[in-house]
file data.cif (mmCIF, C-alpha atoms and all ligand atoms)
data_data
loop_
_atom_site.label_atom_id
_atom_site.label_comp_id
_atom_site.auth_asym_id
_atom_site.auth_seq_id
_atom_site.Cartn_x
_atom_site.Cartn_y
_atom_site.Cartn_z
CA MET F 118 43.90 -65.10 82.22
CA ILE F 119 46.09 -62.50 80.52
CA SER F 120 48.70 -64.22 78.41
CA HIS F 121 51.80 -62.67 76.91
CA ILE F 122 52.03 -65.43 74.32
CA MET F 123 50.97 -64.52 70.77
CA PRO F 124 47.58 -66.21 70.28
CA THR F 125 48.64 -68.44 67.37
CA TYR F 126 47.01 -71.48 68.98
CA ALA F 127 43.47 -72.00 70.29
CA ARG F 128 44.61 -73.84 73.40
CA LEU F 129 42.57 -76.18 75.56
CA ALA F 130 42.17 -75.11 79.19
CA VAL F 131 44.63 -77.54 80.73
CA THR F 132 48.28 -77.42 81.78
CA PHE F 133 50.22 -80.63 82.14
CA GLU F 134 52.84 -80.97 84.79
CA ARG F 135 54.31 -84.42 84.34
CA GLY F 136 53.96 -87.61 82.36
CA GLU F 137 54.90 -91.25 82.39
CA GLY F 138 54.44 -93.53 79.40
CA ALA F 139 51.02 -92.84 77.91
CA TRP F 140 49.83 -90.96 81.01
CA LEU F 141 49.89 -87.23 81.69
CA TRP F 142 48.95 -85.40 84.91
CA ASP F 143 47.71 -81.82 85.06
CA GLU F 144 48.30 -79.18 87.76
CA ASN F 145 45.46 -80.62 89.85
CA ASN F 146 46.93 -84.11 89.67
CA GLN F 147 44.16 -85.17 87.30
CA ARG F 148 45.31 -88.05 85.06
CA TYR F 149 44.85 -88.21 81.26
CA LEU F 150 45.49 -90.90 78.66
CA ASP F 151 47.56 -89.41 75.85
CA ALA F 152 46.37 -90.74 72.49
CA LEU F 153 48.11 -87.98 70.55
CA SER F 154 51.71 -88.07 71.83
CA GLY F 155 52.17 -84.31 71.50
CA ILE F 156 51.23 -84.69 67.79
CA ALA F 157 53.32 -87.78 66.96
CA VAL F 158 56.32 -86.57 68.97
CA CYS F 159 56.51 -88.67 72.13
CA ASN F 160 56.35 -92.03 70.33
CA LEU F 161 58.21 -93.66 73.25
CA GLY F 162 55.83 -92.08 75.74
CA HIS F 163 56.56 -89.43 78.35
CA ALA F 164 59.62 -89.48 80.60
CA HIS F 165 61.16 -92.44 78.79
CA PRO F 166 64.14 -93.55 80.92
CA ALA F 167 66.56 -93.99 77.99
CA VAL F 168 65.88 -90.47 76.71
CA HIS F 169 65.94 -89.05 80.22
CA ASP F 170 69.28 -90.68 81.01
CA ALA F 171 70.81 -89.64 77.69
CA ILE F 172 69.97 -85.96 78.02
CA CYS F 173 70.97 -85.87 81.69
CA GLU F 174 74.36 -87.39 80.92
CA GLN F 175 74.92 -85.18 77.89
CA SER F 176 73.90 -81.99 79.69
CA ALA F 177 76.50 -82.68 82.37
CA LYS F 178 79.18 -82.82 79.64
CA LEU F 179 78.32 -80.45 76.82
CA LEU F 180 75.21 -78.83 75.34
CA HIS F 181 76.50 -77.03 72.30
CA THR F 182 79.64 -76.17 70.40
CA SER F 183 78.26 -75.19 66.92
CA ASN F 184 78.73 -76.78 63.55
CA LEU F 185 82.08 -75.08 63.11
CA TYR F 186 83.47 -78.23 64.76
CA HIS F 187 82.84 -81.95 64.53
CA VAL F 188 80.02 -83.21 66.75
CA ALA F 189 80.48 -86.85 67.74
CA ALA F 190 76.82 -87.44 68.63
CA GLN F 191 75.76 -86.11 65.23
CA GLU F 192 77.94 -88.68 63.48
CA LYS F 193 76.42 -91.43 65.61
CA VAL F 194 72.82 -90.39 64.93
CA ALA F 195 73.57 -90.04 61.22
CA GLU F 196 75.14 -93.50 61.12
CA LYS F 197 72.13 -95.00 62.88
CA LEU F 198 69.67 -93.17 60.62
CA ILE F 199 71.50 -94.39 57.52
CA GLN F 200 71.48 -97.95 58.85
CA MET F 201 67.76 -97.86 59.65
CA SER F 202 66.59 -96.00 56.53
CA GLY F 203 68.80 -97.06 53.63
CA MET F 204 69.52 -93.41 52.86
CA THR F 205 73.12 -92.20 52.62
CA ASN F 206 73.61 -88.84 54.33
CA VAL F 207 71.98 -86.38 56.66
CA PHE F 208 71.56 -82.66 57.37
CA PHE F 209 70.34 -81.88 60.89
CA SER F 210 67.80 -79.16 61.67
CA ASN F 211 65.72 -78.25 64.73
CA SER F 212 62.23 -78.82 63.37
CA GLY F 213 60.17 -80.35 60.62
CA ALA F 214 59.70 -77.14 58.68
CA GLU F 215 63.46 -76.65 58.64
CA ALA F 216 64.04 -80.22 57.47
CA ASN F 217 61.64 -79.48 54.59
CA GLU F 218 63.42 -76.19 53.86
CA ALA F 219 66.59 -78.24 53.37
CA ALA F 220 64.70 -80.60 51.04
CA ILE F 221 63.31 -77.69 49.01
CA LYS F 222 66.80 -76.18 48.72
CA LEU F 223 68.15 -79.56 47.58
CA ALA F 224 65.50 -79.69 44.86
CA ARG F 225 66.38 -76.21 43.64
CA LYS F 226 70.11 -77.01 43.65
CA PHE F 227 69.34 -80.21 41.72
CA GLY F 228 67.35 -78.21 39.16
CA HIS F 229 69.98 -75.54 38.70
CA ALA F 230 72.63 -78.22 38.24
CA LYS F 231 70.47 -79.57 35.40
CA GLY F 232 70.27 -76.11 33.82
CA ILE F 233 66.69 -75.40 34.88
CA ALA F 234 66.64 -71.70 35.83
CA ILE F 235 63.25 -71.66 37.61
CA PRO F 236 62.83 -75.14 39.08
CA ALA F 237 59.41 -76.25 40.33
CA ILE F 238 58.33 -78.90 42.81
CA ILE F 239 55.10 -80.88 42.57
CA VAL F 240 53.20 -80.74 45.87
CA MET F 241 49.80 -82.10 46.90
CA GLU F 242 46.38 -80.77 47.76
CA LYS F 243 45.69 -81.08 51.52
CA SER F 244 49.40 -81.48 52.26
CA PHE F 245 51.10 -80.03 55.32
CA HIS F 246 54.81 -79.21 55.31
CA GLY F 247 55.25 -76.52 57.97
CA ARG F 248 54.85 -72.82 58.74
CA THR F 249 57.95 -71.13 57.35
CA LEU F 250 57.34 -69.17 54.16
CA ALA F 251 58.60 -71.86 51.79
CA THR F 252 56.93 -74.71 53.63
CA LEU F 253 53.59 -72.92 54.00
CA SER F 254 53.77 -72.22 50.28
CA ALA F 255 54.27 -75.96 49.71
CA THR F 256 51.35 -76.71 52.06
CA GLY F 257 48.00 -77.42 50.41
CA ASN F 258 45.79 -75.44 52.75
CA ALA F 259 44.59 -71.93 51.86
CA LYS F 260 43.88 -71.09 55.54
CA ILE F 261 47.55 -71.56 56.40
CA GLN F 262 48.66 -69.31 53.51
CA GLN F 263 46.07 -66.57 53.84
CA GLY F 264 47.52 -63.24 54.97
CA PHE F 265 51.09 -64.25 54.27
CA GLU F 266 51.26 -63.62 50.54
CA PRO F 267 53.34 -63.29 48.46
CA LEU F 268 53.97 -67.01 48.65
CA VAL F 269 57.26 -68.58 47.68
CA GLU F 270 57.14 -69.54 44.01
CA GLY F 271 58.08 -72.82 42.44
CA PHE F 272 55.34 -75.16 43.66
CA VAL F 273 52.80 -76.84 41.39
CA ARG F 274 49.85 -78.49 43.11
CA VAL F 275 48.07 -81.72 42.15
CA PRO F 276 45.47 -83.88 43.95
CA TYR F 277 46.85 -86.43 46.42
CA ASN F 278 46.82 -90.11 45.46
CA ASP F 279 46.49 -89.27 41.76
CA ILE F 280 49.46 -90.52 39.77
CA ASP F 281 47.91 -89.45 36.46
CA ALA F 282 47.74 -85.83 37.65
CA ILE F 283 51.48 -86.03 38.40
CA LYS F 284 52.23 -87.45 34.95
CA THR F 285 50.13 -84.80 33.21
CA THR F 286 51.85 -82.00 35.13
CA ILE F 287 55.29 -83.33 34.25
CA SER F 288 54.39 -83.60 30.58
CA GLU F 289 53.14 -79.99 30.55
CA ASN F 290 55.90 -78.41 32.64
CA SER F 291 59.56 -78.94 31.81
CA SER F 292 60.66 -77.07 34.96
CA ILE F 293 59.56 -79.82 37.36
CA VAL F 294 62.56 -81.10 39.32
CA ALA F 295 61.02 -82.90 42.29
CA ILE F 296 57.90 -84.32 43.91
CA LEU F 297 57.32 -83.60 47.61
CA VAL F 298 54.71 -85.80 49.27
CA GLU F 299 53.66 -87.29 52.62
CA PRO F 300 53.38 -91.12 52.59
CA ILE F 301 50.15 -90.59 54.56
CA GLN F 302 48.73 -87.10 54.95
CA GLY F 303 48.52 -86.27 58.65
CA GLU F 304 47.04 -82.78 59.06
CA GLY F 305 45.18 -83.40 55.79
CA GLY F 306 43.02 -86.04 57.48
CA VAL F 307 44.98 -89.29 57.83
CA ASN F 308 44.69 -89.82 54.08
CA ILE F 309 46.14 -93.18 53.13
CA PRO F 310 46.94 -93.44 49.42
CA ALA F 311 46.78 -96.54 47.19
CA ALA F 312 49.24 -99.22 48.32
CA ASP F 313 51.44 -98.67 45.23
CA TYR F 314 51.25 -94.85 45.14
CA LEU F 315 54.81 -94.37 46.37
CA ASN F 316 56.07 -97.05 43.98
CA GLN F 317 54.41 -95.21 41.11
CA ILE F 318 55.97 -91.92 42.21
CA ARG F 319 59.37 -93.65 42.44
CA ALA F 320 58.95 -94.91 38.86
CA VAL F 321 57.95 -91.48 37.56
CA CYS F 322 60.90 -89.84 39.33
CA ASP F 323 63.27 -92.39 37.79
CA GLN F 324 61.77 -91.98 34.34
CA PHE F 325 61.94 -88.17 34.33
CA ASP F 326 65.04 -87.70 36.51
CA LEU F 327 63.19 -85.98 39.37
CA LEU F 328 63.90 -86.04 43.10
CA MET F 329 61.41 -88.14 45.04
CA MET F 330 61.10 -86.26 48.35
CA LEU F 331 59.07 -87.78 51.19
CA ASP F 332 57.91 -85.76 54.18
CA GLU F 333 57.99 -88.45 56.90
CA ILE F 334 57.88 -85.94 59.74
CA GLN F 335 54.62 -87.42 61.04
CA THR F 336 54.75 -90.93 59.54
CA GLY F 337 58.36 -91.67 60.49
CA ILE F 338 60.14 -93.16 63.53
CA GLY F 339 58.01 -96.28 63.84
CA ARG F 340 54.59 -94.65 63.74
CA THR F 341 53.16 -96.75 60.87
CA GLY F 342 54.70 -100.10 61.81
CA LYS F 343 57.94 -99.60 59.88
CA PHE F 344 60.77 -97.30 60.91
CA LEU F 345 59.83 -95.15 57.90
CA ALA F 346 56.54 -95.47 56.01
CA PHE F 347 58.27 -95.85 52.61
CA GLN F 348 59.67 -99.16 53.89
CA HIS F 349 56.19 -100.63 53.40
CA ASN F 350 56.77 -100.10 49.67
CA GLY F 351 60.26 -101.52 49.27
CA ILE F 352 61.53 -98.33 47.65
CA VAL F 353 64.06 -95.68 48.67
CA PRO F 354 63.32 -92.00 48.03
CA ASP F 355 65.99 -89.45 47.10
CA VAL F 356 65.14 -87.19 50.02
CA CYS F 357 63.30 -87.93 53.26
CA THR F 358 62.55 -85.46 56.04
CA LEU F 359 62.15 -86.30 59.72
CA ALA F 360 61.49 -84.40 62.95
CA LYS F 361 58.67 -84.88 65.49
CA ALA F 362 59.42 -88.26 67.13
CA LEU F 363 63.14 -88.24 66.29
CA GLY F 364 63.97 -86.64 69.65
CA ASN F 365 60.86 -87.86 71.56
CA GLY F 366 60.26 -84.24 72.62
CA VAL F 367 63.73 -82.75 72.30
CA PRO F 368 63.58 -80.58 69.16
CA ILE F 369 65.52 -82.10 66.27
CA GLY F 370 64.86 -82.55 62.57
CA ALA F 371 66.75 -84.24 59.78
CA CYS F 372 66.85 -84.15 56.01
CA LEU F 373 68.10 -87.48 54.68
CA ALA F 374 69.40 -87.82 51.14
CA HIS F 375 70.18 -90.68 48.79
CA SER F 376 71.61 -91.21 45.30
CA LYS F 377 71.16 -88.13 43.10
CA ALA F 378 70.33 -85.93 46.11
CA ALA F 379 73.24 -87.15 48.23
CA ASN F 380 76.00 -84.81 47.09
CA LEU F 381 74.20 -81.62 46.16
CA PHE F 382 75.16 -79.47 49.15
CA SER F 383 78.71 -78.29 49.68
CA ALA F 384 80.27 -76.08 52.37
CA GLY F 385 78.37 -72.81 52.69
CA ASN F 386 75.18 -74.02 50.96
CA HIS F 387 73.12 -74.55 54.08
CA GLY F 388 73.43 -74.33 57.83
CA SER F 389 71.88 -74.09 61.26
CA THR F 390 73.38 -72.86 64.52
CA PHE F 391 71.62 -75.40 66.70
CA GLY F 392 71.04 -78.14 64.11
CA GLY F 393 72.28 -81.49 65.42
CA ASN F 394 73.74 -80.13 68.63
CA PRO F 395 75.02 -82.59 71.25
CA LEU F 396 71.92 -82.36 73.47
CA ALA F 397 69.41 -82.96 70.68
CA CYS F 398 71.52 -85.73 69.18
CA SER F 399 71.86 -87.52 72.52
CA ALA F 400 68.05 -87.72 72.67
CA ALA F 401 67.78 -88.88 69.05
CA LEU F 402 70.41 -91.55 69.59
CA ALA F 403 68.52 -92.85 72.63
CA VAL F 404 65.31 -92.95 70.57
CA LEU F 405 66.91 -94.81 67.66
CA ASN F 406 68.70 -97.29 69.93
CA THR F 407 65.51 -97.94 71.88
CA LEU F 408 63.59 -98.63 68.69
CA SER F 409 66.23 -100.88 67.16
CA ASN F 410 66.72 -102.85 70.40
CA SER F 411 63.02 -103.54 70.93
CA ASP F 412 60.02 -104.74 68.96
CA LEU F 413 58.10 -101.50 69.48
CA ILE F 414 57.84 -100.88 65.73
CA THR F 415 56.28 -104.31 65.14
CA GLN F 416 54.00 -103.62 68.10
CA ALA F 417 52.79 -100.46 66.33
CA THR F 418 51.28 -102.71 63.65
CA GLU F 419 49.70 -105.10 66.15
CA LYS F 420 48.38 -102.38 68.43
CA GLY F 421 47.05 -100.33 65.52
CA ASN F 422 45.23 -103.39 64.20
CA SER F 423 43.72 -104.23 67.56
CA ILE F 424 42.65 -100.63 68.28
CA CYS F 425 40.94 -100.33 64.90
CA ALA F 426 39.29 -103.77 65.12
CA ALA F 427 37.88 -102.75 68.52
CA PHE F 428 36.59 -99.43 67.15
CA GLN F 429 35.05 -101.23 64.15
CA GLU F 430 33.17 -103.50 66.48
CA LYS F 431 31.98 -100.78 68.86
CA LEU F 432 30.99 -98.38 66.10
CA GLN F 433 29.68 -100.79 63.46
CA ASN F 434 26.07 -99.71 63.95
CA ASN F 435 26.82 -95.99 63.93
CA SER F 436 25.77 -94.70 60.52
CA HIS F 437 27.70 -91.46 61.08
CA VAL F 438 31.05 -93.24 61.05
CA VAL F 439 32.21 -92.98 57.43
CA ASN F 440 35.27 -95.13 57.97
CA ILE F 441 38.06 -96.10 60.33
CA ARG F 442 41.47 -96.17 58.66
CA HIS F 443 45.00 -96.63 59.85
CA LEU F 444 48.50 -97.79 59.18
CA GLY F 445 50.12 -98.91 62.39
CA LEU F 446 49.37 -96.32 65.07
CA MET F 447 48.42 -93.52 62.69
CA ILE F 448 44.65 -93.69 62.97
CA GLY F 449 41.76 -91.73 61.47
CA ILE F 450 38.07 -92.07 62.30
CA GLU F 451 36.06 -90.14 59.76
CA LEU F 452 32.57 -88.98 60.72
CA ASP F 453 29.96 -87.54 58.37
CA ALA F 454 29.57 -84.38 60.47
CA SER F 455 31.64 -81.73 62.17
CA CYS F 456 33.13 -82.96 65.45
CA PRO F 457 35.82 -80.64 66.91
CA GLU F 458 33.78 -80.53 70.17
CA LEU F 459 34.84 -84.13 70.77
CA VAL F 460 38.33 -82.91 71.67
CA GLY F 461 37.07 -80.94 74.70
CA LYS F 462 34.64 -83.70 75.70
CA ALA F 463 37.41 -86.29 75.55
CA LEU F 464 39.61 -84.02 77.66
CA ASN F 465 36.86 -83.89 80.30
CA ASP F 466 36.87 -87.68 80.23
CA GLY F 467 40.63 -87.81 80.69
CA LEU F 468 41.57 -88.57 77.09
CA LEU F 469 43.70 -86.55 74.64
CA ILE F 470 42.69 -86.80 70.98
CA ASN F 471 42.74 -84.54 67.95
CA VAL F 472 40.26 -83.64 65.21
CA THR F 473 41.59 -82.57 61.84
CA GLN F 474 39.72 -81.42 58.70
CA ASP F 475 36.63 -80.84 60.90
CA LYS F 476 35.30 -84.40 60.65
CA ILE F 477 38.27 -86.67 61.18
CA ILE F 478 39.30 -87.86 64.61
CA ARG F 479 43.07 -88.37 64.54
CA LEU F 480 44.76 -90.69 67.01
CA LEU F 481 48.54 -90.93 67.33
CA PRO F 482 49.04 -92.89 70.55
CA PRO F 483 52.56 -93.64 71.78
CA LEU F 484 54.08 -96.93 70.61
CA ILE F 485 54.37 -98.03 74.25
CA ILE F 486 50.60 -97.85 74.89
CA ASN F 487 49.51 -101.01 76.77
CA ALA F 488 46.45 -103.25 76.55
CA THR F 489 44.59 -101.63 79.45
CA GLN F 490 45.19 -98.19 78.00
CA ILE F 491 44.01 -99.39 74.58
CA THR F 492 40.75 -100.60 76.16
CA GLN F 493 40.30 -97.27 77.93
CA LEU F 494 40.97 -95.36 74.70
CA VAL F 495 38.48 -97.41 72.67
CA ASP F 496 35.77 -97.41 75.35
CA THR F 497 35.99 -93.71 76.18
CA LEU F 498 36.11 -92.51 72.59
CA SER F 499 33.47 -94.93 71.27
CA THR F 500 31.05 -93.75 73.95
CA LEU F 501 31.74 -90.11 73.08
CA ILE F 502 31.15 -90.78 69.38
CA GLN F 503 27.91 -92.66 70.13
CA GLU F 504 26.71 -89.75 72.29
CA HIS F 505 27.81 -87.07 69.82
CA ILE F 506 24.92 -85.09 68.41
CA PHE F 507 25.09 -85.34 64.64
CA GLN F 508 23.45 -82.57 62.66
C1 LIG F 601 54.44 -81.42 61.88
C2 LIG F 601 54.74 -81.54 60.44
C3 LIG F 601 55.61 -80.64 59.80
C4 LIG F 601 56.18 -79.42 60.49
O1 LIG F 601 57.03 -79.74 61.54
P1 LIG F 601 57.44 -78.59 62.59
O2 LIG F 601 58.43 -79.28 63.49
O3 LIG F 601 56.19 -78.16 63.28
O4 LIG F 601 58.05 -77.48 61.82
C5 LIG F 601 55.89 -80.85 58.47
N1 LIG F 601 55.37 -81.90 57.81
C6 LIG F 601 54.54 -82.78 58.39
C7 LIG F 601 54.00 -83.94 57.59
C8 LIG F 601 54.18 -82.62 59.72
O5 LIG F 601 53.32 -83.47 60.28
#

call {"tool": "encode", "arguments": {"input": "data.cif", "output": "structure tokens", "more": "lines below"}}
Ligand SMILES: *Cc1c(COP(=O)(O)O)cnc(C)c1O
result
Amino acid sequence: MISHIMPTYARLAVTFERGEGAWLWDENNQRYLDALSGIAVCNLGHAHPAVHDAICEQSAKLLHTSNLYHVAAQEKVAEKLIQMSGMTNVFFSNSGAEANEAAIKLARKFGHAKGIAIPAIIVMEKSFHGRTLATLSATGNAKIQQGFEPLVEGFVRVPYNDIDAIKTTISENSSIVAILVEPIQGEGGVNIPAADYLNQIRAVCDQFDLLMMLDEIQTGIGRTGKFLAFQHNGIVPDVCTLAKALGNGVPIGACLAHSKAANLFSAGNHGSTFGGNPLACSAALAVLNTLSNSDLITQATEKGNSICAAFQEKLQNNSHVVNIRHLGLMIGIELDASCPELVGKALNDGLLINVTQDKIIRLLPPLIINATQITQLVDTLSTLIQEHIFQ
């Protein structure tokens, strides 16, 4: 097939036509179980009625007016986000990378206000923050950066889950103004840090007057069993970025700020034509209302636990399974050998999964996944892993 799309993705040979909950159907009416949710986007599943109704109603009224005027839906989403997160104010973008761009600009503004001429941000090895020039420079993956040099300056990299490396860097570099980190690394391999890692980062940021900036683009919106992953730690960061599941498939991102980051931007400092437009905000509001009026977030914990317990049992005698780790419905199954072929094999068996970092099966099923679907997921994937040829 001749495609006119730039080949930036190695796509699987399937085209989906419709979905409902955790199910997707392709052009030939073949059904698939979606254990990836469009990469942590459709947390409420496909064709969720609340989101569907909200965008239908909004599109009949108004799609866009620009940020030259007040946008009522934006105020409502911001209010809801503040309520659910404990942060204090919001900048709306259209994607995760753009939410992180806003965070990076906040850090630089914060640094300049402190008299630091060339501010630097601590970022992590194996991190992923997006594909714009600044966010790919912040990303800890040489493959993503290669060919796009010169990179944006002002990032200092340390190993993930290593608080001492952070402390050493701060003591050696007086230009550090912020730490940007994922509560759990997604693309990096579902890397779950020590339970008090975020608390330690919070303490360091308080001690040295740095911005604690969390990229919750993948971990946020209920995925880990809390609305935001930092809520497991009882702390509040200074900056938190969201996107992916915020609109359940309608593109919207947000950069949330708190305390010393809350009042850094003034008129003219940042902007976006589409950011927080009425259509996107109507979807986000439906998502946030659905989550706060249900126990879906609690269910993420229960379902994650039951999925992983079932995998543990099925795979306990497989010596190639290094470990099975998760927080809520963010799940990683690490094998001791390369396994990207499992993605195509699972597809043939009607199951959508992902493999990241070559050896780690990543599952991000929708929060609405039911017991029958959980059984199908565990049975299908366990069988594929048992049959996988390890070399
Ligand atoms: C997906 C992702 C991004 C980038 O989001 P886009 O909407 O693709 O720009 C950034 N950070 C993390 C942790 C992500 O998972």

call {"tool": "residues_around", "arguments": {"input": "data.cif", "residues": "range 470-480 of chain F", "least_positions_apart": "3", "cutoff": "8 Å", "atoms": "all atoms listed in the file", "output": "list of chain:residue names"}}
result
F:Asp151, F:Ala152, F:Leu153, F:Glu304, F:Gly305, F:Gly306, F:Val307, F:Leu446, F:Met447, F:Ile448, F:Gly449, F:Ile450, F:Glu451, F:Leu452, F:Asp453, F:Ala454, F:Ser455, F:Cys456, F:Pro457, F:Leu459, F:Val460, F:Ala463, F:Leu464

call {"tool": "closest_atom_pairs", "arguments": {"input": "data.cif", "of": "chain F", "to": "ligand LIG 601 (chain F)", "cutoff": "10 Å", "atoms": "only C-alpha atoms and all ligand atoms", "output": "tab-separated table"}}
result
residue	atom	partner	partner_atom	distance
F:Ile156	CA	F:LIG601	C1	7.5
F:Ala157	CA	F:LIG601	O5	7.9
F:Val158	CA	F:LIG601	C1	9.0
F:Ser210	CA	F:LIG601	O2	9.5
F:Asn211	CA	F:LIG601	O2	7.5
F:Ser212	CA	F:LIG601	O2	3.8
F:Gly213	CA	F:LIG601	O1	3.3
F:Ala214	CA	F:LIG601	O4	3.6
F:Glu215	CA	F:LIG601	O4	6.3
F:Ala216	CA	F:LIG601	O4	7.9
F:Asn217	CA	F:LIG601	C5	7.1
F:Glu218	CA	F:LIG601	O4	9.7
F:Ser244	CA	F:LIG601	C7	7.5
F:Phe245	CA	F:LIG601	N1	5.3
F:His246	CA	F:LIG601	N1	3.7
F:Gly247	CA	F:LIG601	C4	4.0
F:Arg248	CA	F:LIG601	O4	6.4
F:Thr249	CA	F:LIG601	O4	7.8
F:Thr252	CA	F:LIG601	C5	7.9
F:Leu253	CA	F:LIG601	C5	9.4
F:Thr256	CA	F:LIG601	N1	8.7
F:Val298	CA	F:LIG601	C7	8.6
F:Glu299	CA	F:LIG601	C7	6.0
F:Pro300	CA	F:LIG601	C7	8.8
F:Ile301	CA	F:LIG601	C7	8.3
F:Gln302	CA	F:LIG601	C7	6.7
F:Gly303	CA	F:LIG601	O5	5.8
F:Glu304	CA	F:LIG601	O5	6.4
F:Gly305	CA	F:LIG601	C7	9.0
F:Leu331	CA	F:LIG601	C7	9.0
F:Asp332	CA	F:LIG601	C7	5.5
F:Glu333	CA	F:LIG601	C7	6.1
F:Ile334	CA	F:LIG601	C6	4.8
F:Gln335	CA	F:LIG601	O5	4.2
F:Thr336	CA	F:LIG601	C7	7.3
F:Gly337	CA	F:LIG601	C7	9.3
F:Thr358	CA	F:LIG601	N1	8.2
F:Leu359	CA	F:LIG601	N1	8.3
F:Ala360	CA	F:LIG601	O2	6.0
F:Lys361	CA	F:LIG601	O2	6.0
F:Ala362	CA	F:LIG601	O2	9.7
F:Pro368	CA	F:LIG601	O2	7.8
F:Ile369	CA	F:LIG601	O2	8.1
F:Gly370	CA	F:LIG601	O2	7.3

call {"tool": "write_last_selection", "arguments": {"input": "data.cif", "atoms": "C-alpha atoms", "output": "mmCIF file, keeping the file's coordinate frame"}}
result
data_model
loop_
_atom_site.group_PDB
_atom_site.id
_atom_site.type_symbol
_atom_site.label_atom_id
_atom_site.label_comp_id
_atom_site.auth_asym_id
_atom_site.auth_seq_id
_atom_site.Cartn_x
_atom_site.Cartn_y
_atom_site.Cartn_z
ATOM 1 C CA ILE F 156 51.230 -84.690 67.790
ATOM 2 C CA ALA F 157 53.320 -87.780 66.960
ATOM 3 C CA VAL F 158 56.320 -86.570 68.970
ATOM 4 C CA SER F 210 67.800 -79.160 61.670
ATOM 5 C CA ASN F 211 65.720 -78.250 64.730
ATOM 6 C CA SER F 212 62.230 -78.820 63.370
ATOM 7 C CA GLY F 213 60.170 -80.350 60.620
ATOM 8 C CA ALA F 214 59.700 -77.140 58.680
ATOM 9 C CA GLU F 215 63.460 -76.650 58.640
ATOM 10 C CA ALA F 216 64.040 -80.220 57.470
ATOM 11 C CA ASN F 217 61.640 -79.480 54.590
ATOM 12 C CA GLU F 218 63.420 -76.190 53.860
ATOM 13 C CA SER F 244 49.400 -81.480 52.260
ATOM 14 C CA PHE F 245 51.100 -80.030 55.320
ATOM 15 C CA HIS F 246 54.810 -79.210 55.310
ATOM 16 C CA GLY F 247 55.250 -76.520 57.970
ATOM 17 C CA ARG F 248 54.850 -72.820 58.740
ATOM 18 C CA THR F 249 57.950 -71.130 57.350
ATOM 19 C CA THR F 252 56.930 -74.710 53.630
ATOM 20 C CA LEU F 253 53.590 -72.920 54.000
ATOM 21 C CA THR F 256 51.350 -76.710 52.060
ATOM 22 C CA VAL F 298 54.710 -85.800 49.270
ATOM 23 C CA GLU F 299 53.660 -87.290 52.620
ATOM 24 C CA PRO F 300 53.380 -91.120 52.590
ATOM 25 C CA ILE F 301 50.150 -90.590 54.560
ATOM 26 C CA GLN F 302 48.730 -87.100 54.950
ATOM 27 C CA GLY F 303 48.520 -86.270 58.650
ATOM 28 C CA GLU F 304 47.040 -82.780 59.060
ATOM 29 C CA GLY F 305 45.180 -83.400 55.790
ATOM 30 C CA LEU F 331 59.070 -87.780 51.190
ATOM 31 C CA ASP F 332 57.910 -85.760 54.180
ATOM 32 C CA GLU F 333 57.990 -88.450 56.900
ATOM 33 C CA ILE F 334 57.880 -85.940 59.740
ATOM 34 C CA GLN F 335 54.620 -87.420 61.040
ATOM 35 C CA THR F 336 54.750 -90.930 59.540
ATOM 36 C CA GLY F 337 58.360 -91.670 60.490
ATOM 37 C CA THR F 358 62.550 -85.460 56.040
ATOM 38 C CA LEU F 359 62.150 -86.300 59.720
ATOM 39 C CA ALA F 360 61.490 -84.400 62.950
ATOM 40 C CA LYS F 361 58.670 -84.880 65.490
ATOM 41 C CA ALA F 362 59.420 -88.260 67.130
ATOM 42 C CA PRO F 368 63.580 -80.580 69.160
ATOM 43 C CA ILE F 369 65.520 -82.100 66.270
ATOM 44 C CA GLY F 370 64.860 -82.550 62.570
#

call {"tool": "closest_residue", "arguments": {"input": "data.cif", "among": "F:Leu468, F:Ala371, F:Val269, F:Val321", "to": "Leu498 in chain F", "atoms": "all atoms listed in the file"}}
result
F:Leu468

call {"tool": "closest_residue", "arguments": {"input": "data.cif", "among": "F:Ala427, F:Val131, F:Ala251, F:Ala230", "to": "Val294 in chain F", "atoms": "all atoms listed in the file"}}
result
F:Ala230

call {"tool": "atom_distance", "arguments": {"input": "data.cif", "atom1": "CA of Pro267 in chain F", "atom2": "CA of Ala255 in chain F"}}
result
12.8 Å

call {"tool": "atom_distance", "arguments": {"input": "data.cif", "atom1": "CA of Val367 in chain F", "atom2": "CA of Gly392 in chain F"}}
result
11.9 Å

call {"tool": "atom_distance", "arguments": {"input": "data.cif", "atom1": "CA of Lys178 in chain F", "atom2": "CA of Ala397 in chain F"}}
result
13.3 Å

call {"tool": "closest_residue", "arguments": {"input": "data.cif", "among": "F:Asn380, F:Asn316, F:Asn365, F:Gln262", "to": "His163 in chain F", "atoms": "all atoms listed in the file"}}
result
F:Asn365

call {"tool": "residues_around", "arguments": {"input": "data.cif", "residues": "Asn146 in chain F", "least_positions_apart": "5", "cutoff": "10 Å", "atoms": "all atoms listed in the file", "output": "mmCIF file with C-alpha atoms, in the coordinates of the input"}}
result
data_model
loop_
_atom_site.group_PDB
_atom_site.id
_atom_site.type_symbol
_atom_site.label_atom_id
_atom_site.label_comp_id
_atom_site.auth_asym_id
_atom_site.auth_seq_id
_atom_site.Cartn_x
_atom_site.Cartn_y
_atom_site.Cartn_z
ATOM 1 C CA PHE F 133 50.220 -80.630 82.140
ATOM 2 C CA GLU F 134 52.840 -80.970 84.790
ATOM 3 C CA ARG F 135 54.310 -84.420 84.340
ATOM 4 C CA LEU F 141 49.890 -87.230 81.690
#

call {"tool": "closest_residue", "arguments": {"input": "data.cif", "among": "F:Ile235, F:Ile283, F:Ile338, F:Ala177", "to": "Val404 in chain F", "atoms": "all atoms listed in the file"}}
result
F:Ile338
